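I have placed the structure first, in the form of structure tokens, so that the comments after it can refer back to it.
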Amino acid sequence: MTLVPTATRSSTAEPVVTVEPNYLTSEHTIASWLLTRDHKRIALLFFVSITFFFFVGGLAATLMRLNLATPEGLLQPSVYNRMFTMHGVIMVWFFLIPSIPTTFGNFFVPLMIGARDLAFPRVNLASWYVFNLSGLVVLYSLVMGGADTGWTFYTPLSTVYANGYVFAAAMAVFINGFSSIMTSLNFIVTIHRMRAPGMTWMRLPLFIWGIYAVSVVMLTATPVLAMDTFLLAVERFIGTGLFDNRLGGDPLLWQHMFWFYSHPAVYIMILPAMGVVSEIIPCFARRPVFGYAGMVIALMAIAILSFLVWAHHMFVAGISIYAGVVFSLMTFFVAVPSAIKVFNWTVSLHKGQIIFDAPMIYSLGFVLLFTLGGVTGLMVATLPVDVDVHGTYFVVAHFHYIMVGATVSAFFGALHYWWPKMTGRLYPEMWARVAAVLTYIGFNLTFFPQFILGYLGMPRRSYTYLPEWQSWNLLSSAGASILAAAYALPMLYLGWSLIWGRRAGANPWGATGLEWCTASPPITHNFERTPVVRLGPYSYDPKQDSFITQEGSAHGR
Amino acid sequence: MYNWIPFWPDTAAVNAVAVNNLVIAELAFSAVIMATVVAMMLRFCIRYRRGSAASRDNLVAETWRFEIGWTTATLGAFLVLFVWGAAQYIWLYQSPPGDEELYVTGKQWMWKVEHPGGQREIDAIHVPVNKTVRVVLASEDVIHSFFIPEFRIKHDVVPGTLETIWFKANKTGTFKLECSQFCGLQHATMRGDVIVMTGPAYANWLTDQGVETSLAQQGEQIFRAHGCSGCHDRNSVVHAPSISGLYGTQVHLQDGSVRFADEAYIRDCILKPRSFSVAGYPPVMPNYSGQMSESDLLKIVAYIKSLGNQEATDP
């Protein structure tokens, strides 16, 4: 693309002169946003929705940590129970699962494979509406008083005994699943059918592989959740008895079906984050990612193995001892590709020209938090240790390291990395570095004490606790306040940069992907003409400090 | 043990010792992995920061030798942990015959405990030290989870079945009893004490409760009150399977399957008799589902088990 000038990091170059206006300025009416079929605009719509839910879920978490600062607490038990339930439901289904796929996936899958849009633009828009519909239902459930079962809705508590708005919450999850299915179907078809000439499978950026892997998992697992929540809602409504032992049902059936979705869901949250980090680390280490093929194999191996481990959530639930042994073994297997990825990311720093900008700090934080979440994952894969810490704060800490520490770090990393492309503006680097470091400190202060609390035996979902555990809880609550500040800070300076930020060139980071070969922000049709791909991703040369984009144009930095 | 900030729970049972060793080994393993990653990351980040003088020659972007070596090493280490964990788990969660037995019922939001001698407690368990204690768990409503952190044992108490778990305390003292499965409004307060006593102190405690009728005797009364004895008594004319010596045997069912007659089996037979027709007997037993509380069921189970013991000791 001769039209694209070489941008340097410090350049304040105006965006590329284009024939078309960019996607933000092409139309201005509200209808042009609400009825848009442009994947970039839909990505921003999703961004608004999930950011809203992130702060609603975060507010619930804030109340919980406030309550737990002292054993006496602040909230009524019933309020606390509703808070952790709504925190779980909203954070899992309304932030973490859609987070990276619906925003950065939506925005960058077509841009990174050289397509004009996703395969089904109308389905994409419908997905946003369905998502918001489910969001309204969950907000209804919250405003009316909330559900009080925990996000896992264990029967028979959820079907017979709970007083809250469980029916509405379950229906919200049910509806939400359709949004997941539509979005993932769109990605799969797009990645299969709409790659630019020369974009072979083994030239795909790892972010695309991450989105592909997650789409496969979403598309196959979500229908099971839909069945499960639907049956739950029906059972609660008219008492069909499927999960009720007194009517010949089995409470454990719920758990099997629920975890058959919800364990893969953990990988739904982490796979796109792995993809993001695999983009950022080579770009800021200025060298090719170590072991591209190994990374691809690891992503797909995780996606497949994620379906064979669900019963490790049920080691204490009364499944047979030998079933426990099999699921423990499968859980150790799924840890192998994760370990490979950690190793490859770390070695991807070797002999680089490493730049510590905010996306890189978030990504390095991701690797460390993911590793700590991973090794504690090994502990809970080990049968007797899992049985001991099951249902305690140890498990809470473990999955927050993966789902929040790792995934949310990657989300913020992606937000900073692609912010110039999405908005055409550079964010203030110093503030962003502060936010990235604060996230890491705040996160560890919040969640590391919970490992200790868990091994001491503090049960999760408790509004009160023994006085001897107060020190660690207080530390955790204090850390949460730092974490809250670290999460709120980017909203301020990113908002500021929308108006006062310096204009970004087409390729402010000197990155190799196709998304950097078009203007920032991109034009409505993404590319002036369909790019032709000549190279795999990550052609960085740390020795010369140069890079070659996937289109084959060479640049110095 | 700790009077400032607690850091590590007490280890008060043989079960806990086994789990503790595993945890310490895994913490050490985790520390090695974390240290390796952190050391590599720090070294690379400092040495290869942008513009540093370090050589960037011979960059390696892909080497299968390295990756396969790393994969094999992790897989090997993981398999060691798996085998160790699985072996311990099979030992820890297959109930051996107990020196003592306890019947525990979880209900929103308390633990009801019954001793075979008929002594009852709520949110407290008195047990002797250095004895294998077998606990039979039942739930009256939702799923609870029976958890003693200092013993490192836990089992969900699922309504509709009976679960068993065992422990062997190795020091006296008072330890925590908790519910670790969210079970409704007051889940956080569903906790109690496990009081481990020396053998003589425990024997004194049992007699001090002043209970006349044992659990099995109470069970026998219920057994007669519900008319069970009409068919299952030794002298009954109805052709029904004998319950004497039933506990702990293999039972051949009408459908050809074989079930081990443990507590859960006996409970299932009372509540769902048609699903468990014994081979050679007509399926005529009425269904007692909904007619007995979990506590009554446990007493009948205790009664039937006591018959088994008599058979064994009195051939």
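In the structure tokens, chains take letters A, B, ... by order of appearance, with residues numbered from 1 within each chain and ligands from 1 in the order shown.
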From range 133-282 of chain B, collect each residue whose DSSP state is helix (DSSP H, G or I) and return the set as a PyMOL selection string. chain B and resi 149-151+187-189+199-208+215-225+229-232+263-271+273-276
When DSSP is applied to the backbone of this structure, which of range 101-149 of chain B are assigned strand (DSSP E)? Write them out as a PyMOL selection string. chain B and resi 101-107+110-114+120-122+124-128+132-139+144-148
Save the residues we just selected, N, CA, C and O atoms, as a compact mmCIF listing (two decimals), in the first residue's frame?
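Okay, out_2.txt is ready:
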# COMPACT_ATOMS: atom_id res chain seq x y z
N GLU B 101 -19.20 -43.96 64.79
CA GLU B 101 -20.03 -43.44 63.71
C GLU B 101 -20.80 -42.23 64.20
O GLU B 101 -21.10 -42.09 65.39
N LEU B 102 -21.12 -41.38 63.25
CA LEU B 102 -21.90 -40.19 63.54
C LEU B 102 -22.92 -40.02 62.43
O LEU B 102 -22.63 -40.34 61.28
N TYR B 103 -24.07 -39.50 62.78
CA TYR B 103 -25.07 -39.19 61.77
C TYR B 103 -25.29 -37.69 61.79
O TYR B 103 -25.67 -37.14 62.82
N VAL B 104 -25.03 -37.05 60.67
CA VAL B 104 -25.12 -35.59 60.61
C VAL B 104 -26.14 -35.20 59.55
O VAL B 104 -26.09 -35.68 58.42
N THR B 105 -27.07 -34.33 59.94
CA THR B 105 -28.05 -33.83 58.99
C THR B 105 -27.86 -32.32 58.85
O THR B 105 -27.83 -31.60 59.85
N GLY B 106 -27.72 -31.88 57.61
CA GLY B 106 -27.65 -30.44 57.38
C GLY B 106 -29.02 -29.91 57.05
O GLY B 106 -29.77 -30.54 56.30
N LYS B 107 -29.38 -28.79 57.65
CA LYS B 107 -30.61 -28.13 57.24
C LYS B 107 -30.37 -26.63 57.37
O LYS B 107 -29.46 -26.21 58.08
N MET B 110 -28.23 -25.16 60.08
CA MET B 110 -27.58 -25.80 61.22
C MET B 110 -27.15 -27.21 60.87
O MET B 110 -27.61 -27.80 59.89
N TRP B 111 -26.22 -27.70 61.67
CA TRP B 111 -25.80 -29.10 61.56
C TRP B 111 -26.40 -29.85 62.75
O TRP B 111 -26.12 -29.53 63.89
N LYS B 112 -27.24 -30.85 62.48
CA LYS B 112 -27.78 -31.68 63.56
C LYS B 112 -26.96 -32.97 63.61
O LYS B 112 -26.81 -33.65 62.60
N VAL B 113 -26.48 -33.29 64.79
CA VAL B 113 -25.57 -34.42 64.93
C VAL B 113 -26.20 -35.44 65.86
O VAL B 113 -26.72 -35.08 66.92
N GLU B 114 -26.17 -36.71 65.47
CA GLU B 114 -26.67 -37.77 66.35
C GLU B 114 -25.62 -38.86 66.48
O GLU B 114 -25.02 -39.29 65.49
N ARG B 120 -27.58 -36.31 71.16
CA ARG B 120 -27.81 -35.36 70.06
C ARG B 120 -27.12 -34.04 70.36
O ARG B 120 -27.06 -33.60 71.49
N GLU B 121 -26.64 -33.42 69.30
CA GLU B 121 -26.04 -32.09 69.45
C GLU B 121 -26.43 -31.27 68.23
O GLU B 121 -26.80 -31.82 67.20
N ILE B 122 -26.30 -29.96 68.37
CA ILE B 122 -26.52 -29.07 67.23
C ILE B 122 -25.31 -28.16 67.09
O ILE B 122 -24.84 -27.58 68.08
N ALA B 124 -22.35 -28.80 66.91
CA ALA B 124 -21.17 -29.23 67.67
C ALA B 124 -21.01 -30.72 67.45
O ALA B 124 -21.99 -31.44 67.27
N ILE B 125 -19.76 -31.16 67.41
CA ILE B 125 -19.49 -32.59 67.26
C ILE B 125 -18.44 -32.96 68.28
O ILE B 125 -17.35 -32.41 68.27
N HIS B 126 -18.78 -33.87 69.17
CA HIS B 126 -17.78 -34.40 70.09
C HIS B 126 -17.26 -35.72 69.54
O HIS B 126 -18.06 -36.59 69.20
N VAL B 127 -15.96 -35.83 69.42
CA VAL B 127 -15.38 -37.07 68.91
C VAL B 127 -14.14 -37.41 69.73
O VAL B 127 -13.49 -36.53 70.29
N PRO B 128 -13.78 -38.69 69.76
CA PRO B 128 -12.56 -39.10 70.46
C PRO B 128 -11.35 -38.94 69.54
O PRO B 128 -11.46 -39.03 68.32
N THR B 132 -10.90 -43.69 64.13
CA THR B 132 -11.48 -43.41 62.82
C THR B 132 -12.98 -43.17 63.00
O THR B 132 -13.70 -44.05 63.47
N VAL B 133 -13.41 -41.97 62.65
CA VAL B 133 -14.81 -41.61 62.81
C VAL B 133 -15.45 -41.55 61.44
O VAL B 133 -14.95 -40.89 60.54
N ARG B 134 -16.52 -42.32 61.29
CA ARG B 134 -17.21 -42.36 60.01
C ARG B 134 -18.47 -41.52 60.15
O ARG B 134 -19.25 -41.70 61.08
N VAL B 135 -18.66 -40.58 59.23
CA VAL B 135 -19.80 -39.66 59.33
C VAL B 135 -20.75 -39.94 58.18
O VAL B 135 -20.35 -39.96 57.02
N VAL B 136 -22.02 -40.17 58.52
CA VAL B 136 -23.06 -40.34 57.50
C VAL B 136 -23.79 -39.01 57.38
O VAL B 136 -24.26 -38.45 58.36
N LEU B 137 -23.85 -38.47 56.15
CA LEU B 137 -24.35 -37.12 55.94
C LEU B 137 -25.67 -37.13 55.19
O LEU B 137 -25.81 -37.83 54.19
N ALA B 138 -26.62 -36.35 55.68
CA ALA B 138 -27.90 -36.22 54.98
C ALA B 138 -28.29 -34.75 54.97
O ALA B 138 -27.83 -33.96 55.79
N SER B 139 -29.11 -34.38 53.99
CA SER B 139 -29.60 -33.01 53.93
C SER B 139 -31.11 -33.00 53.93
O SER B 139 -31.74 -33.82 53.27
N HIS B 144 -25.72 -28.69 51.17
CA HIS B 144 -24.76 -28.08 52.10
C HIS B 144 -23.42 -28.75 51.85
O HIS B 144 -23.32 -29.71 51.09
N SER B 145 -22.40 -28.27 52.50
CA SER B 145 -21.11 -28.95 52.38
C SER B 145 -20.45 -29.01 53.75
O SER B 145 -20.24 -27.99 54.39
N PHE B 146 -20.18 -30.24 54.16
CA PHE B 146 -19.63 -30.52 55.49
C PHE B 146 -18.12 -30.33 55.43
O PHE B 146 -17.43 -31.05 54.70
N PHE B 147 -17.61 -29.35 56.15
CA PHE B 147 -16.22 -28.94 55.97
C PHE B 147 -15.57 -28.72 57.34
O PHE B 147 -16.08 -27.96 58.16
N ILE B 148 -14.46 -29.39 57.56
CA ILE B 148 -13.66 -29.16 58.77
C ILE B 148 -12.26 -28.75 58.30
O ILE B 148 -11.44 -29.60 57.95
Contacts of Glu140 in chain B at 12 Å or less, counting only C-alpha atoms, minus same-chain residues fewer than 3 places along, as a PyMOL selection string? (chain A and resi 156-157+161+245-246) or (chain B and resi 104-112+137+143-144+157-162+183+290+292-298)
Store the residues picked out above in a file with N, CA, C and O atoms, as a tab-separated table (two decimals), in the first residue's frame.
chain	number	residue	atom	x	y	z
A	156	PRO	N	-31.20	-27.69	44.69
A	156	PRO	CA	-32.56	-27.18	44.67
A	156	PRO	C	-32.69	-25.79	45.32
A	156	PRO	O	-33.81	-25.30	45.42
A	157	LEU	N	-31.58	-25.19	45.72
A	157	LEU	CA	-31.67	-23.86	46.31
A	157	LEU	C	-32.35	-22.90	45.34
A	157	LEU	O	-33.27	-22.17	45.70
A	161	TYR	N	-35.92	-23.04	47.02
A	161	TYR	CA	-35.75	-22.33	48.28
A	161	TYR	C	-35.47	-20.84	48.18
A	161	TYR	O	-35.74	-20.10	49.09
A	245	ASN	N	-35.02	-34.06	43.81
A	245	ASN	CA	-34.96	-35.47	44.16
A	245	ASN	C	-36.29	-36.00	44.66
A	245	ASN	O	-36.61	-37.16	44.50
A	246	ARG	N	-37.13	-35.11	45.24
A	246	ARG	CA	-38.40	-35.61	45.76
A	246	ARG	C	-39.36	-35.99	44.64
A	246	ARG	O	-40.32	-36.71	44.84
B	104	VAL	N	-25.03	-37.05	60.67
B	104	VAL	CA	-25.12	-35.59	60.61
B	104	VAL	C	-26.14	-35.20	59.55
B	104	VAL	O	-26.09	-35.68	58.42
B	105	THR	N	-27.07	-34.33	59.94
B	105	THR	CA	-28.05	-33.83	58.99
B	105	THR	C	-27.86	-32.32	58.85
B	105	THR	O	-27.83	-31.60	59.85
B	106	GLY	N	-27.72	-31.88	57.61
B	106	GLY	CA	-27.65	-30.44	57.38
B	106	GLY	C	-29.02	-29.91	57.05
B	106	GLY	O	-29.77	-30.54	56.30
B	107	LYS	N	-29.38	-28.79	57.65
B	107	LYS	CA	-30.61	-28.13	57.24
B	107	LYS	C	-30.37	-26.63	57.37
B	107	LYS	O	-29.46	-26.21	58.08
B	108	GLN	N	-31.15	-25.85	56.67
B	108	GLN	CA	-30.96	-24.40	56.73
B	108	GLN	C	-31.21	-23.93	58.15
B	108	GLN	O	-32.34	-24.02	58.62
B	109	TRP	N	-30.30	-23.44	58.93
B	109	TRP	CA	-28.89	-23.33	58.69
B	109	TRP	C	-28.19	-23.87	59.91
B	109	TRP	O	-27.69	-23.12	60.73
B	110	MET	N	-28.23	-25.16	60.08
B	110	MET	CA	-27.58	-25.80	61.22
B	110	MET	C	-27.15	-27.21	60.87
B	110	MET	O	-27.61	-27.80	59.89
B	111	TRP	N	-26.22	-27.70	61.67
B	111	TRP	CA	-25.80	-29.10	61.56
B	111	TRP	C	-26.40	-29.85	62.75
B	111	TRP	O	-26.12	-29.53	63.89
B	112	LYS	N	-27.24	-30.85	62.48
B	112	LYS	CA	-27.78	-31.68	63.56
B	112	LYS	C	-26.96	-32.97	63.61
B	112	LYS	O	-26.81	-33.65	62.60
B	137	LEU	N	-23.85	-38.47	56.15
B	137	LEU	CA	-24.35	-37.12	55.94
B	137	LEU	C	-25.67	-37.13	55.19
B	137	LEU	O	-25.81	-37.83	54.19
B	143	ILE	N	-28.39	-28.24	49.07
B	143	ILE	CA	-27.05	-28.81	49.17
B	143	ILE	C	-26.25	-28.01	50.19
B	143	ILE	O	-26.15	-26.79	50.10
B	144	HIS	N	-25.72	-28.69	51.17
B	144	HIS	CA	-24.76	-28.08	52.10
B	144	HIS	C	-23.42	-28.75	51.85
B	144	HIS	O	-23.32	-29.71	51.09
B	157	VAL	N	-23.34	-32.30	50.98
B	157	VAL	CA	-24.46	-33.04	51.53
B	157	VAL	C	-25.62	-32.78	50.58
B	157	VAL	O	-26.19	-31.71	50.58
B	158	VAL	N	-25.89	-33.76	49.72
B	158	VAL	CA	-26.85	-33.54	48.64
B	158	VAL	C	-28.19	-34.13	49.05
B	158	VAL	O	-28.24	-35.29	49.47
B	159	PRO	N	-29.26	-33.36	48.93
B	159	PRO	CA	-30.56	-33.92	49.28
B	159	PRO	C	-30.89	-35.10	48.36
B	159	PRO	O	-30.55	-35.08	47.18
B	160	GLY	N	-31.50	-36.11	48.94
B	160	GLY	CA	-31.90	-37.24	48.12
B	160	GLY	C	-30.93	-38.40	48.19
B	160	GLY	O	-31.16	-39.42	47.55
B	161	THR	N	-29.87	-38.27	48.94
B	161	THR	CA	-28.96	-39.40	49.07
B	161	THR	C	-28.21	-39.26	50.39
B	161	THR	O	-28.35	-38.27	51.09
B	162	LEU	N	-27.46	-40.28	50.73
B	162	LEU	CA	-26.61	-40.21	51.92
B	162	LEU	C	-25.17	-40.29	51.46
B	162	LEU	O	-24.83	-41.05	50.55
B	183	CYS	N	-25.96	-21.99	50.88
B	183	CYS	CA	-27.19	-22.72	51.13
B	183	CYS	C	-28.32	-21.78	51.53
B	183	CYS	O	-29.29	-22.20	52.15
B	290	GLY	N	-41.54	-39.03	51.29
B	290	GLY	CA	-42.32	-37.93	51.84
B	290	GLY	C	-42.95	-38.23	53.18
B	290	GLY	O	-43.58	-37.37	53.77
B	292	MET	N	-41.24	-39.66	55.87
B	292	MET	CA	-40.29	-39.69	56.98
B	292	MET	C	-39.31	-38.53	56.83
B	292	MET	O	-38.91	-38.20	55.73
B	293	SER	N	-38.92	-37.97	57.95
B	293	SER	CA	-37.90	-36.93	57.91
B	293	SER	C	-36.54	-37.58	57.69
B	293	SER	O	-36.38	-38.79	57.89
B	294	GLU	N	-35.57	-36.77	57.30
B	294	GLU	CA	-34.22	-37.30	57.11
B	294	GLU	C	-33.72	-37.91	58.42
B	294	GLU	O	-33.02	-38.92	58.43
B	295	SER	N	-34.08	-37.27	59.51
B	295	SER	CA	-33.64	-37.74	60.81
B	295	SER	C	-34.21	-39.13	61.10
B	295	SER	O	-33.50	-40.03	61.56
B	296	ASP	N	-35.50	-39.34	60.80
B	296	ASP	CA	-36.11	-40.66	61.00
B	296	ASP	C	-35.45	-41.70	60.11
B	296	ASP	O	-35.21	-42.85	60.53
B	297	LEU	N	-35.18	-41.29	58.86
B	297	LEU	CA	-34.56	-42.24	57.94
B	297	LEU	C	-33.20	-42.68	58.48
B	297	LEU	O	-32.85	-43.87	58.43
B	298	LEU	N	-32.44	-41.71	58.99
B	298	LEU	CA	-31.13	-42.05	59.53
B	298	LEU	C	-31.27	-43.04	60.68
B	298	LEU	O	-30.46	-43.96	60.85
Considering only C-alpha atoms, return as a PyMOL selection string whatever protein or nucleic-acid residues lie within 12 Å of Ala25 in chain B, sequence-local ones (same chain, fewer than 4 positions apart) excluded. (chain A and resi 378-379+382+385) or (chain B and resi 18-21+29-32+77+80-81+84-85)
Keeping C-alpha atoms for every residue in the selection just given, could you write it to a file as a PDB file, in the first residue's frame?
ATOM      1  CA  LEU A 378      -2.673 -27.085  39.331  1.00  0.00           C
ATOM      2  CA  MET A 379      -3.317 -27.169  43.062  1.00  0.00           C
ATOM      3  CA  THR A 382      -5.060 -32.154  42.474  1.00  0.00           C
ATOM      4  CA  VAL A 385      -6.280 -30.305  47.628  1.00  0.00           C
TER       5      VAL A 385
ATOM      6  CA  ALA B  18      -1.729 -36.141  53.989  1.00  0.00           C
ATOM      7  CA  VAL B  19      -3.312 -33.101  52.318  1.00  0.00           C
ATOM      8  CA  ASN B  20      -0.862 -30.740  53.967  1.00  0.00           C
ATOM      9  CA  ASN B  21       2.152 -32.604  52.572  1.00  0.00           C
ATOM     10  CA  PHE B  29       6.598 -26.562  42.795  1.00  0.00           C
ATOM     11  CA  SER B  30       4.553 -23.407  42.145  1.00  0.00           C
ATOM     12  CA  ALA B  31       7.272 -21.260  43.679  1.00  0.00           C
ATOM     13  CA  VAL B  32       9.852 -22.803  41.356  1.00  0.00           C
ATOM     14  CA  ALA B  77       5.780 -33.017  36.522  1.00  0.00           C
ATOM     15  CA  VAL B  80       3.578 -36.934  39.229  1.00  0.00           C
ATOM     16  CA  LEU B  81       1.263 -34.483  40.987  1.00  0.00           C
ATOM     17  CA  TRP B  84       0.133 -38.527  44.063  1.00  0.00           C
ATOM     18  CA  GLY B  85      -3.135 -36.612  44.373  1.00  0.00           C
TER      19      GLY B  85
END
Show me, as a PDB file with N, CA, C and O atoms, in the first residue's frame, the residues that have an atom within 7 Å of range 255-270 of chain B when counting only C-alpha atoms, minus same-chain residues fewer than 6 positions from it.
ATOM      1  N   THR B 161     -29.869 -38.268  48.939  1.00  0.00           N
ATOM      2  CA  THR B 161     -28.958 -39.397  49.066  1.00  0.00           C
ATOM      3  C   THR B 161     -28.209 -39.261  50.390  1.00  0.00           C
ATOM      4  O   THR B 161     -28.345 -38.265  51.090  1.00  0.00           O
ATOM      5  N   LEU B 162     -27.463 -40.282  50.730  1.00  0.00           N
ATOM      6  CA  LEU B 162     -26.607 -40.212  51.917  1.00  0.00           C
ATOM      7  C   LEU B 162     -25.166 -40.289  51.458  1.00  0.00           C
ATOM      8  O   LEU B 162     -24.831 -41.048  50.555  1.00  0.00           O
ATOM      9  N   GLU B 163     -24.320 -39.468  52.050  1.00  0.00           N
ATOM     10  CA  GLU B 163     -22.901 -39.507  51.726  1.00  0.00           C
ATOM     11  C   GLU B 163     -22.150 -39.914  52.991  1.00  0.00           C
ATOM     12  O   GLU B 163     -22.619 -39.659  54.103  1.00  0.00           O
ATOM     13  N   LEU B 246     -28.303 -57.396  56.496  1.00  0.00           N
ATOM     14  CA  LEU B 246     -28.297 -56.814  55.148  1.00  0.00           C
ATOM     15  C   LEU B 246     -27.116 -55.880  54.942  1.00  0.00           C
ATOM     16  O   LEU B 246     -26.430 -55.927  53.914  1.00  0.00           O
ATOM     17  N   TYR B 247     -26.855 -55.036  55.948  1.00  0.00           N
ATOM     18  CA  TYR B 247     -25.860 -53.970  55.793  1.00  0.00           C
ATOM     19  C   TYR B 247     -24.487 -54.541  55.466  1.00  0.00           C
ATOM     20  O   TYR B 247     -24.015 -55.478  56.110  1.00  0.00           O
ATOM     21  N   GLY B 248     -23.889 -53.995  54.446  1.00  0.00           N
ATOM     22  CA  GLY B 248     -22.533 -54.394  54.103  1.00  0.00           C
ATOM     23  C   GLY B 248     -22.452 -55.599  53.194  1.00  0.00           C
ATOM     24  O   GLY B 248     -21.368 -56.103  52.919  1.00  0.00           O
ATOM     25  N   THR B 249     -23.608 -56.089  52.706  1.00  0.00           N
ATOM     26  CA  THR B 249     -23.583 -57.241  51.796  1.00  0.00           C
ATOM     27  C   THR B 249     -23.828 -56.780  50.364  1.00  0.00           C
ATOM     28  O   THR B 249     -24.180 -55.629  50.123  1.00  0.00           O
ATOM     29  N   PHE B 276     -35.632 -50.678  43.300  1.00  0.00           N
ATOM     30  CA  PHE B 276     -34.582 -51.518  43.888  1.00  0.00           C
ATOM     31  C   PHE B 276     -35.141 -52.875  44.310  1.00  0.00           C
ATOM     32  O   PHE B 276     -34.774 -53.413  45.341  1.00  0.00           O
ATOM     33  N   ASN B 287     -44.225 -47.132  48.756  1.00  0.00           N
ATOM     34  CA  ASN B 287     -43.232 -46.071  48.679  1.00  0.00           C
ATOM     35  C   ASN B 287     -43.352 -45.174  49.914  1.00  0.00           C
ATOM     36  O   ASN B 287     -44.424 -44.669  50.202  1.00  0.00           O
ATOM     37  N   TYR B 288     -42.243 -44.981  50.626  1.00  0.00           N
ATOM     38  CA  TYR B 288     -42.291 -44.159  51.839  1.00  0.00           C
ATOM     39  C   TYR B 288     -41.788 -42.741  51.618  1.00  0.00           C
ATOM     40  O   TYR B 288     -41.504 -42.026  52.561  1.00  0.00           O
ATOM     41  N   LEU B 297     -35.184 -41.294  58.863  1.00  0.00           N
ATOM     42  CA  LEU B 297     -34.555 -42.238  57.943  1.00  0.00           C
ATOM     43  C   LEU B 297     -33.201 -42.682  58.478  1.00  0.00           C
ATOM     44  O   LEU B 297     -32.851 -43.871  58.427  1.00  0.00           O
ATOM     45  N   VAL B 301     -31.956 -46.420  59.306  1.00  0.00           N
ATOM     46  CA  VAL B 301     -30.695 -46.932  58.764  1.00  0.00           C
ATOM     47  C   VAL B 301     -29.818 -47.448  59.906  1.00  0.00           C
ATOM     48  O   VAL B 301     -29.238 -48.538  59.829  1.00  0.00           O
TER      49      VAL B 301
END
So that I can check the surroundings of Met269 in chain A, please list as a VMD selection string every protein, DNA and RNA residue that reaches within 9 Å of it, counting only C-alpha atoms and ignoring chain neighbours fewer than 3 positions away. chain A and resid 92 96 to 100 214 264 to 266 272 to 273 402 to 403 407
Quick one: residues within 10 Å of range 181-184 of chain A, only C-alpha atoms, excluding same-chain residues fewer than 2 positions away - as a PyMOL selection string? chain A and resi 98+101-102+105-106+118+120+123-128+130+176-179+186-190+211-223
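One distance worth recording is that between CA of Val194 in chain B and CA of Ser471 in chain A, which is 24.3 Å.
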Top pick for closest residue to chain A, considering B:Lys154, B:Lys131, B:Arg274, B:Arg65 and counting only C-alpha atoms: B:Lys154
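Here CA of Asn444 in chain A and CA of Phe370 in chain A stand 11.9 Å from one another.
Computed from the coordinates, the CA of Trp472 in chain A to CA of Leu66 in chain A distance equals 13.4 Å.
Remark: for Gly457 in chain A, the closest of the candidate residues A:Pro121, A:Gly150, A:Gly391, A:Gly536 is A:Gly391 (distances computed over only C-alpha atoms).
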Of B:Ile68, B:Val142, B:Asn58, B:Asn130, the one nearest to chain A when counting only C-alpha atoms is B:Val142
